[in-house]
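Trainee: Encoded as structure tokens, here's the structure I'll be asking about.
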Amino acid sequence: MSRPAGLIAGLVAGAGLLAGSTLPAAAQTEIVLTIENNRFHPEEITVKAAAPFMLVISNRDKAPEEFEIQDLRIEKVIPAGKTVRVRVPALKPGTYRFVGEYHERTAKGSILAE
Amino acid sequence: MGATFVITLREAFEAALILGIVYTYLERIGARDGYRYVTLGGALGLLVSVGMGVGVGFLSGPLLDWGPDVVGVTVIFVAVVLVTWHAWWMRQHARAIRGQVQQRVDAARAARRLWVVGLIAFTGVFREGAETVLFLWGLTTQATSTSGWMNVLGGVAGVAAAAVLGWAIFHGGKQLSLSRFFSATTVFLMLLAAGLFSTGVGRFQGLGLLPMGAPLWDTSFLLSDQSVVGSFLTGLVGYRARPSAWEVAAYAGYLLLAVRLFWGPATGGRPQRSAVSAG
């Protein structure tokens with residue numbers, strides 16, 4: 001067990017370095033998104049186009065959720081009671097829908113880049 | 001209930017297909033003793049999926065932000081390599097069988113790489129396994145009413161239905177002529193791997209490691225990848241209604257290489273020798 005665990009830890013560390021190198025240390029806009037009762041709050045987010053930002057998503061439910069922005073190929077699992085930071089690249093003006101894949105009927109919203 | 005059924009059926013279908021194909025493959029080459037490698041690989045895949053589904057809840061900070069992605073992307077690319085390798089082998093078998101009366105390929109030679117078949121079973125199950133475990137687990141924790149439990153039931157039934165489909169493929173695959181089975185599965189595995197490869201490249205874009213441009217085209221009016229059929233095709237052959245340039249290039253590039261590798265003239269002269277040296 002220790003070898004695969006070590007391997008995974010190594011990979012994660014490697015990705016961390018990789019992420020660190022691609023993420024500019026400069027302050028990034030943070031947008032807080034909360035999941036409660038299988039819904040996102042807020043359900044509509046407005047951001048500036050052409051500027052990357054950070055989504056800080058907190059899951060207050062007892063069930064895990066998978067956050068997905070299909071058009072941006074972003075998908076992140078957010079375990080129950082946890083917070084996950086998702087970096088969103090600079091967007092062209094437009095609307096980008098997001099869903100909670102595990103509760104698609106209720107957990108949905110959109111990002112408006114303008 | 002119907003919605004959760006479709007979700008788990010979709011997640012488990014790919015795994016069931018892969019298991020069905022590799023079991024049939026072993027049956028057809030007369031290496032039934034290799035079943036246990038597949039069973040072991042699949043069972044380990046399930047175990048690790050559960051472990052990851054539970055384990056991810058203990059992570060936090062950057063480890064939670066990045067860890068699951070790194071594991072997910074790694075599994076995708078490992079699966080591409082394994083499936084390609086397996087499809088290539090199938091292709092060699094198909095060539096060897098053609099024009100020969102013998103119905104069985106040398107099992108002893110195949111036995112040497114049975115662990116690869118086991119690994120394919122492992123990655124096939126693990127790839128969507130952790131997600132399915134988390135989904136089902138979430139359903140259970142939220143099942144406080146009858147309809148909640150119906151959702152859980154639907155989810156479990158989806159996995160069961162996928163298993164039945166895998167079993168059907170195993171039985172159907174036994175009916176096909178050997179060379180047709182090998183040819184059909186080679187083509188299918190090639191498309192599966194092309195889809196996986198382009199999915200992996202798409203994930204790189206999602207992680208910000210590759211730039212995300214505008215979609216190259218939009219066929220969502222014909223078939224949305226959010227629809228039931230569309231999402232199944234996404235899992236099986238990598239269908240995207242709004243693919244990025246990187247994804248299209250990855251898909252086409254993989255197909256080009258695979259067609260050369262499987263059908264190209266380069267390996268045509270000596271399939272047996274190259275097959276042995278690769279094993």
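Going by the structure tokens order, chains are called A, B, ..., each with residues numbered from 1, while ligands are numbered from 1 in the order shown.
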Compute the chain A side of the contact with chain B at 6 Å, counting only C-alpha atoms, and hand it back as a PyMOL selection string.
Mentor: chain A and resi 12+63-64+72-74+79+84-85
Trainee: Would you export the selected residues with N, CA, C and O atoms as a PDB file, in the first residue's frame, please?
Mentor:
```
ATOM      1  N   VAL A  12       0.582  14.154  -6.771  1.00  0.00           N
ATOM      2  CA  VAL A  12      -0.146  15.321  -6.277  1.00  0.00           C
ATOM      3  C   VAL A  12       0.824  16.475  -6.054  1.00  0.00           C
ATOM      4  O   VAL A  12       0.572  17.615  -6.444  1.00  0.00           O
ATOM      5  N   ALA A  63     -24.209  15.516   1.427  1.00  0.00           N
ATOM      6  CA  ALA A  63     -23.864  14.666   0.284  1.00  0.00           C
ATOM      7  C   ALA A  63     -22.788  15.345  -0.552  1.00  0.00           C
ATOM      8  O   ALA A  63     -22.743  16.574  -0.626  1.00  0.00           O
ATOM      9  N   PRO A  64     -21.908  14.549  -1.171  1.00  0.00           N
ATOM     10  CA  PRO A  64     -20.912  15.154  -2.064  1.00  0.00           C
ATOM     11  C   PRO A  64     -21.588  15.718  -3.313  1.00  0.00           C
ATOM     12  O   PRO A  64     -22.713  15.354  -3.626  1.00  0.00           O
ATOM     13  N   LEU A  72     -16.196  24.586 -20.216  1.00  0.00           N
ATOM     14  CA  LEU A  72     -14.807  24.867 -19.852  1.00  0.00           C
ATOM     15  C   LEU A  72     -14.073  23.590 -19.440  1.00  0.00           C
ATOM     16  O   LEU A  72     -12.915  23.631 -19.042  1.00  0.00           O
ATOM     17  N   ARG A  73     -14.785  22.451 -19.524  1.00  0.00           N
ATOM     18  CA  ARG A  73     -14.199  21.157 -19.157  1.00  0.00           C
ATOM     19  C   ARG A  73     -13.702  21.157 -17.707  1.00  0.00           C
ATOM     20  O   ARG A  73     -12.686  20.540 -17.386  1.00  0.00           O
ATOM     21  N   ILE A  74     -14.416  21.901 -16.881  1.00  0.00           N
ATOM     22  CA  ILE A  74     -14.049  21.930 -15.465  1.00  0.00           C
ATOM     23  C   ILE A  74     -14.971  20.994 -14.704  1.00  0.00           C
ATOM     24  O   ILE A  74     -16.199  21.063 -14.859  1.00  0.00           O
ATOM     25  N   PRO A  79     -16.562  17.173  -1.644  1.00  0.00           N
ATOM     26  CA  PRO A  79     -17.134  16.289  -0.618  1.00  0.00           C
ATOM     27  C   PRO A  79     -18.030  17.077   0.345  1.00  0.00           C
ATOM     28  O   PRO A  79     -17.921  18.301   0.437  1.00  0.00           O
ATOM     29  N   VAL A  84     -13.713  23.744  -1.936  1.00  0.00           N
ATOM     30  CA  VAL A  84     -12.751  23.495  -3.014  1.00  0.00           C
ATOM     31  C   VAL A  84     -12.571  24.779  -3.809  1.00  0.00           C
ATOM     32  O   VAL A  84     -13.522  25.516  -4.047  1.00  0.00           O
ATOM     33  N   ARG A  85     -11.323  25.052  -4.160  1.00  0.00           N
ATOM     34  CA  ARG A  85     -11.035  26.243  -4.964  1.00  0.00           C
ATOM     35  C   ARG A  85     -10.854  25.814  -6.419  1.00  0.00           C
ATOM     36  O   ARG A  85     -10.097  24.895  -6.711  1.00  0.00           O
TER      37      ARG A  85
END
```
Trainee: Applying 8 Å and only C-alpha atoms, which residues near Glu75 (chain A) remain after dropping the ones on its own chain fewer than 5 positions away? List them as a list of chain:residue names.
Mentor: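 My list of contacting residues is A:Glu66, A:Phe67, A:Glu68, A:Ile69, A:Gln70, B:Gly206.
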Trainee: Considering only C-alpha atoms, state which residue in the set A:Ala49, A:Ala107, A:Val86, A:Ile78 is at the smallest distance from Val32 (chain A).
Mentor: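 Among A:Ala49, A:Ala107, A:Val86, A:Ile78, it is A:Val86 that comes nearest to Val32 (chain A).
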Trainee: Would you kindly return, as a PyMOL selection string, each protein, DNA or RNA residue with an atom no farther than 10 Å from any atom of Gly20 (chain B), considering only C-alpha atoms and excluding same-chain residues fewer than 4 positions away?
Mentor: chain B and resi 14-16+24-25+38+121+163-173
Trainee: Go ahead and write the selection's residues with all heavy atoms as a short mmCIF file (atom, residue, chain, number, x, y, z; two decimals), in the first residue's frame.
Mentor:
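And here's again27.cif as it stands now:
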```
data_model
loop_
_atom_site.label_atom_id
_atom_site.label_comp_id
_atom_site.auth_asym_id
_atom_site.auth_seq_id
_atom_site.Cartn_x
_atom_site.Cartn_y
_atom_site.Cartn_z
N GLU B 14 -19.38 1.84 -19.33
CA GLU B 14 -18.06 1.72 -19.93
C GLU B 14 -17.26 0.59 -19.27
O GLU B 14 -16.64 -0.23 -19.95
CB GLU B 14 -17.32 3.05 -19.78
CG GLU B 14 -15.96 3.07 -20.44
CD GLU B 14 -15.19 4.34 -20.11
OE1 GLU B 14 -15.80 5.43 -20.19
OE2 GLU B 14 -14.01 4.24 -19.75
N ALA B 15 -17.32 0.55 -17.94
CA ALA B 15 -16.61 -0.50 -17.20
C ALA B 15 -17.15 -1.87 -17.58
O ALA B 15 -16.38 -2.81 -17.83
CB ALA B 15 -16.75 -0.27 -15.70
N ALA B 16 -18.48 -1.99 -17.67
CA ALA B 16 -19.09 -3.27 -17.99
C ALA B 16 -18.69 -3.73 -19.40
O ALA B 16 -18.39 -4.91 -19.62
CB ALA B 16 -20.61 -3.16 -17.88
N THR B 24 -14.43 -11.96 -22.81
CA THR B 24 -14.67 -12.65 -24.07
C THR B 24 -13.35 -12.94 -24.78
O THR B 24 -13.13 -14.02 -25.33
CB THR B 24 -15.56 -11.81 -25.01
OG1 THR B 24 -16.61 -11.23 -24.25
CG2 THR B 24 -16.16 -12.67 -26.11
N TYR B 25 -12.48 -11.94 -24.75
CA TYR B 25 -11.16 -12.09 -25.37
C TYR B 25 -10.46 -13.33 -24.81
O TYR B 25 -9.96 -14.17 -25.56
CB TYR B 25 -10.35 -10.82 -25.11
CG TYR B 25 -8.87 -10.96 -25.39
CD1 TYR B 25 -8.40 -10.94 -26.69
CD2 TYR B 25 -7.96 -11.10 -24.35
CE1 TYR B 25 -7.04 -11.07 -26.96
CE2 TYR B 25 -6.61 -11.22 -24.60
CZ TYR B 25 -6.15 -11.21 -25.90
OH TYR B 25 -4.82 -11.34 -26.15
N VAL B 38 -8.80 -10.74 -14.57
CA VAL B 38 -9.82 -9.72 -14.84
C VAL B 38 -10.67 -9.49 -13.60
O VAL B 38 -10.93 -8.35 -13.20
CB VAL B 38 -10.71 -10.15 -16.03
CG1 VAL B 38 -11.75 -9.08 -16.31
CG2 VAL B 38 -9.86 -10.41 -17.26
N ALA B 121 -8.87 -4.13 -16.76
CA ALA B 121 -10.09 -4.28 -15.96
C ALA B 121 -10.06 -3.29 -14.79
O ALA B 121 -11.07 -2.64 -14.49
CB ALA B 121 -10.21 -5.71 -15.45
N ALA B 163 -24.12 -4.08 -15.59
CA ALA B 163 -23.50 -5.40 -15.44
C ALA B 163 -24.18 -6.41 -16.37
O ALA B 163 -23.51 -7.22 -17.01
CB ALA B 163 -23.59 -5.87 -13.99
N VAL B 164 -25.51 -6.32 -16.48
CA VAL B 164 -26.24 -7.22 -17.38
C VAL B 164 -25.81 -6.99 -18.82
O VAL B 164 -25.59 -7.94 -19.59
CB VAL B 164 -27.77 -7.04 -17.22
CG1 VAL B 164 -28.52 -7.78 -18.30
CG2 VAL B 164 -28.22 -7.50 -15.84
N LEU B 165 -25.65 -5.71 -19.19
CA LEU B 165 -25.21 -5.39 -20.56
C LEU B 165 -23.82 -5.97 -20.83
O LEU B 165 -23.55 -6.49 -21.90
CB LEU B 165 -25.21 -3.87 -20.77
CG LEU B 165 -26.59 -3.25 -20.99
CD1 LEU B 165 -26.50 -1.74 -21.00
CD2 LEU B 165 -27.18 -3.74 -22.32
N GLY B 166 -22.95 -5.85 -19.83
CA GLY B 166 -21.60 -6.41 -19.97
C GLY B 166 -21.67 -7.91 -20.19
O GLY B 166 -20.95 -8.47 -21.03
N TRP B 167 -22.56 -8.55 -19.44
CA TRP B 167 -22.76 -9.99 -19.57
C TRP B 167 -23.28 -10.34 -20.97
O TRP B 167 -22.85 -11.31 -21.60
CB TRP B 167 -23.75 -10.45 -18.49
CG TRP B 167 -24.00 -11.92 -18.44
CD1 TRP B 167 -25.14 -12.58 -18.78
CD2 TRP B 167 -23.08 -12.93 -18.02
NE1 TRP B 167 -24.99 -13.93 -18.61
CE2 TRP B 167 -23.73 -14.18 -18.14
CE3 TRP B 167 -21.75 -12.91 -17.57
CZ2 TRP B 167 -23.11 -15.38 -17.83
CZ3 TRP B 167 -21.13 -14.10 -17.25
CH2 TRP B 167 -21.81 -15.32 -17.38
N ALA B 168 -24.21 -9.51 -21.47
CA ALA B 168 -24.77 -9.73 -22.81
C ALA B 168 -23.68 -9.62 -23.87
O ALA B 168 -23.67 -10.39 -24.84
CB ALA B 168 -25.88 -8.72 -23.08
N ILE B 169 -22.76 -8.69 -23.66
CA ILE B 169 -21.67 -8.53 -24.62
C ILE B 169 -20.78 -9.76 -24.61
O ILE B 169 -20.35 -10.26 -25.64
CB ILE B 169 -20.87 -7.25 -24.31
CG1 ILE B 169 -21.67 -6.07 -24.82
CG2 ILE B 169 -19.49 -7.28 -24.94
CD1 ILE B 169 -21.33 -4.77 -24.24
N PHE B 170 -20.54 -10.26 -23.41
CA PHE B 170 -19.74 -11.48 -23.26
C PHE B 170 -20.38 -12.61 -24.06
O PHE B 170 -19.71 -13.33 -24.80
CB PHE B 170 -19.63 -11.83 -21.78
CG PHE B 170 -18.92 -13.12 -21.49
CD1 PHE B 170 -17.56 -13.25 -21.73
CD2 PHE B 170 -19.61 -14.21 -20.99
CE1 PHE B 170 -16.90 -14.44 -21.46
CE2 PHE B 170 -18.96 -15.40 -20.72
CZ PHE B 170 -17.60 -15.51 -20.96
N HIS B 171 -21.72 -12.76 -23.92
CA HIS B 171 -22.39 -13.84 -24.62
C HIS B 171 -22.49 -13.60 -26.12
O HIS B 171 -22.29 -14.52 -26.92
CB HIS B 171 -23.77 -14.09 -24.02
CG HIS B 171 -23.70 -15.05 -22.88
ND1 HIS B 171 -23.75 -16.40 -23.06
CD2 HIS B 171 -23.47 -14.85 -21.57
CE1 HIS B 171 -23.60 -16.99 -21.88
NE2 HIS B 171 -23.42 -16.06 -20.96
N GLY B 172 -22.76 -12.35 -26.49
CA GLY B 172 -22.80 -12.00 -27.91
C GLY B 172 -21.45 -12.22 -28.56
O GLY B 172 -21.34 -12.73 -29.67
N GLY B 173 -20.40 -11.82 -27.83
CA GLY B 173 -19.04 -11.92 -28.36
C GLY B 173 -18.62 -13.35 -28.62
O GLY B 173 -17.81 -13.62 -29.49
#
```
Trainee: Which value, in Å to one decimal, gives the distance between CA of Trp246 (chain B) and CA of Val6 (chain B)?
Mentor: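 Taking CA of Trp246 (chain B) and CA of Val6 (chain B), their separation equals 29.2 Å.
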Trainee: Set the distance at 6 Å and use only C-alpha atoms: which residues neighbour region 251-256 of chain B once local chain neighbours fewer than 2 positions away are removed? I'd like the list as number ranges by chain.
Mentor: B: 194, 198, 248-249, 258-259
Trainee: Let's have the selection written as a JSON list (two decimals), in the first residue's frame, with N, CA, C and O atoms.
Mentor:
```json
[["chain", "number", "residue", "atom", "x", "y", "z"],
["B", 194, "ALA", "N", -9.43, 6.79, -28.39],
["B", 194, "ALA", "CA", -9.40, 8.14, -28.99],
["B", 194, "ALA", "C", -10.24, 9.09, -28.14],
["B", 194, "ALA", "O", -9.82, 10.21, -27.84],
["B", 198, "SER", "N", -8.84, 12.32, -26.00],
["B", 198, "SER", "CA", -9.31, 13.69, -26.17],
["B", 198, "SER", "C", -9.96, 14.19, -24.87],
["B", 198, "SER", "O", -9.87, 15.38, -24.54],
["B", 248, "VAL", "N", -10.26, 18.11, -30.70],
["B", 248, "VAL", "CA", -10.37, 17.57, -32.06],
["B", 248, "VAL", "C", -9.00, 17.09, -32.55],
["B", 248, "VAL", "O", -8.87, 16.01, -33.12],
["B", 249, "ALA", "N", -7.98, 17.92, -32.30],
["B", 249, "ALA", "CA", -6.63, 17.55, -32.73],
["B", 249, "ALA", "C", -6.19, 16.27, -32.03],
["B", 249, "ALA", "O", -5.59, 15.38, -32.66],
["B", 258, "ALA", "N", -3.25, 5.43, -34.53],
["B", 258, "ALA", "CA", -3.78, 4.09, -34.27],
["B", 258, "ALA", "C", -4.02, 3.34, -35.57],
["B", 258, "ALA", "O", -3.70, 2.16, -35.69],
["B", 259, "VAL", "N", -4.57, 4.03, -36.56],
["B", 259, "VAL", "CA", -4.83, 3.37, -37.84],
["B", 259, "VAL", "C", -3.51, 2.90, -38.46],
["B", 259, "VAL", "O", -3.39, 1.80, -38.97]]
```
Trainee: List the neighbours of Glu65 (chain A) out to 6 Å using only C-alpha atoms; skip same-chain residues closer than 5 positions along the sequence, and give me the result as a ChimeraX atom specification.
Mentor: /A:77-78,100,102
Trainee: Could you check how far CA of Ser110 (chain A) sits from CA of Thr83 (chain A), in Å to one decimal?
Mentor: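 These atoms are spaced 19.3 Å apart.
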Trainee: If we count only C-alpha atoms, what is near Gly109 (chain A) at a cut-off of 8 Å, once residues fewer than 2 positions away on the same chain are taken out, given as number ranges by chain?
Mentor: A: 40, 42-44, 97-99, 107, 111
Trainee: With C-alpha atoms retained, write the just-selected residues as a PDB file, in the first residue's frame.
Mentor:
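The resulting result10.pdb:
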```
ATOM      1  CA  PHE A  40     -26.024  26.856  -5.591  1.00  0.00           C
ATOM      2  CA  PRO A  42     -25.866  32.505  -5.814  1.00  0.00           C
ATOM      3  CA  GLU A  43     -27.136  30.912  -8.984  1.00  0.00           C
ATOM      4  CA  GLU A  44     -25.974  33.767 -11.152  1.00  0.00           C
ATOM      5  CA  ARG A  97     -23.655  27.297 -17.416  1.00  0.00           C
ATOM      6  CA  PHE A  98     -22.613  25.245 -14.429  1.00  0.00           C
ATOM      7  CA  VAL A  99     -24.308  22.316 -12.748  1.00  0.00           C
ATOM      8  CA  ALA A 107     -28.087  22.409  -8.678  1.00  0.00           C
ATOM      9  CA  ILE A 111     -21.596  32.700 -15.017  1.00  0.00           C
TER      10      ILE A 111
END
```
Trainee: Could you pull the residues within 9 Å of Val237 (chain B), counting only C-alpha atoms, minus those fewer than 6 positions along the same chain, as an NGL selection string?
Mentor: :B and (188-196)
Trainee: Convert the current residue selection to file output with N, CA, C and O atoms, as a short mmCIF file (atom, residue, chain, number, x, y, z; two decimals), in the first residue's frame.
Mentor:
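Below is the file that was written, out.cif:
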```cif
data_model
loop_
_atom_site.label_atom_id
_atom_site.label_comp_id
_atom_site.auth_asym_id
_atom_site.auth_seq_id
_atom_site.Cartn_x
_atom_site.Cartn_y
_atom_site.Cartn_z
N PHE B 188 -13.64 -0.82 -31.96
CA PHE B 188 -14.29 -0.20 -30.81
C PHE B 188 -13.27 0.33 -29.80
O PHE B 188 -13.37 1.46 -29.32
N LEU B 189 -12.26 -0.49 -29.49
CA LEU B 189 -11.26 -0.07 -28.50
C LEU B 189 -10.48 1.15 -28.99
O LEU B 189 -10.11 2.02 -28.20
N MET B 190 -10.27 1.20 -30.32
CA MET B 190 -9.56 2.34 -30.88
C MET B 190 -10.38 3.62 -30.68
O MET B 190 -9.83 4.65 -30.27
N LEU B 191 -11.68 3.55 -30.93
CA LEU B 191 -12.54 4.72 -30.75
C LEU B 191 -12.63 5.10 -29.27
O LEU B 191 -12.61 6.28 -28.91
N LEU B 192 -12.71 4.06 -28.42
CA LEU B 192 -12.75 4.30 -26.98
C LEU B 192 -11.50 5.04 -26.53
O LEU B 192 -11.56 6.04 -25.80
N ALA B 193 -10.35 4.56 -26.99
CA ALA B 193 -9.09 5.18 -26.59
C ALA B 193 -8.96 6.59 -27.15
O ALA B 193 -8.47 7.49 -26.48
N ALA B 194 -9.43 6.79 -28.39
CA ALA B 194 -9.40 8.14 -28.99
C ALA B 194 -10.24 9.09 -28.14
O ALA B 194 -9.82 10.21 -27.84
N GLY B 195 -11.42 8.61 -27.72
CA GLY B 195 -12.29 9.42 -26.87
C GLY B 195 -11.65 9.72 -25.54
O GLY B 195 -11.70 10.84 -25.04
N LEU B 196 -11.01 8.70 -24.96
CA LEU B 196 -10.34 8.88 -23.67
C LEU B 196 -9.22 9.91 -23.80
O LEU B 196 -9.07 10.79 -22.95
#
```
Trainee: By how many Å are CA of Phe13 (chain B) and CA of Ser224 (chain B) apart?
Mentor: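 Taking CA of Phe13 (chain B) and CA of Ser224 (chain B), their separation equals 19.1 Å.
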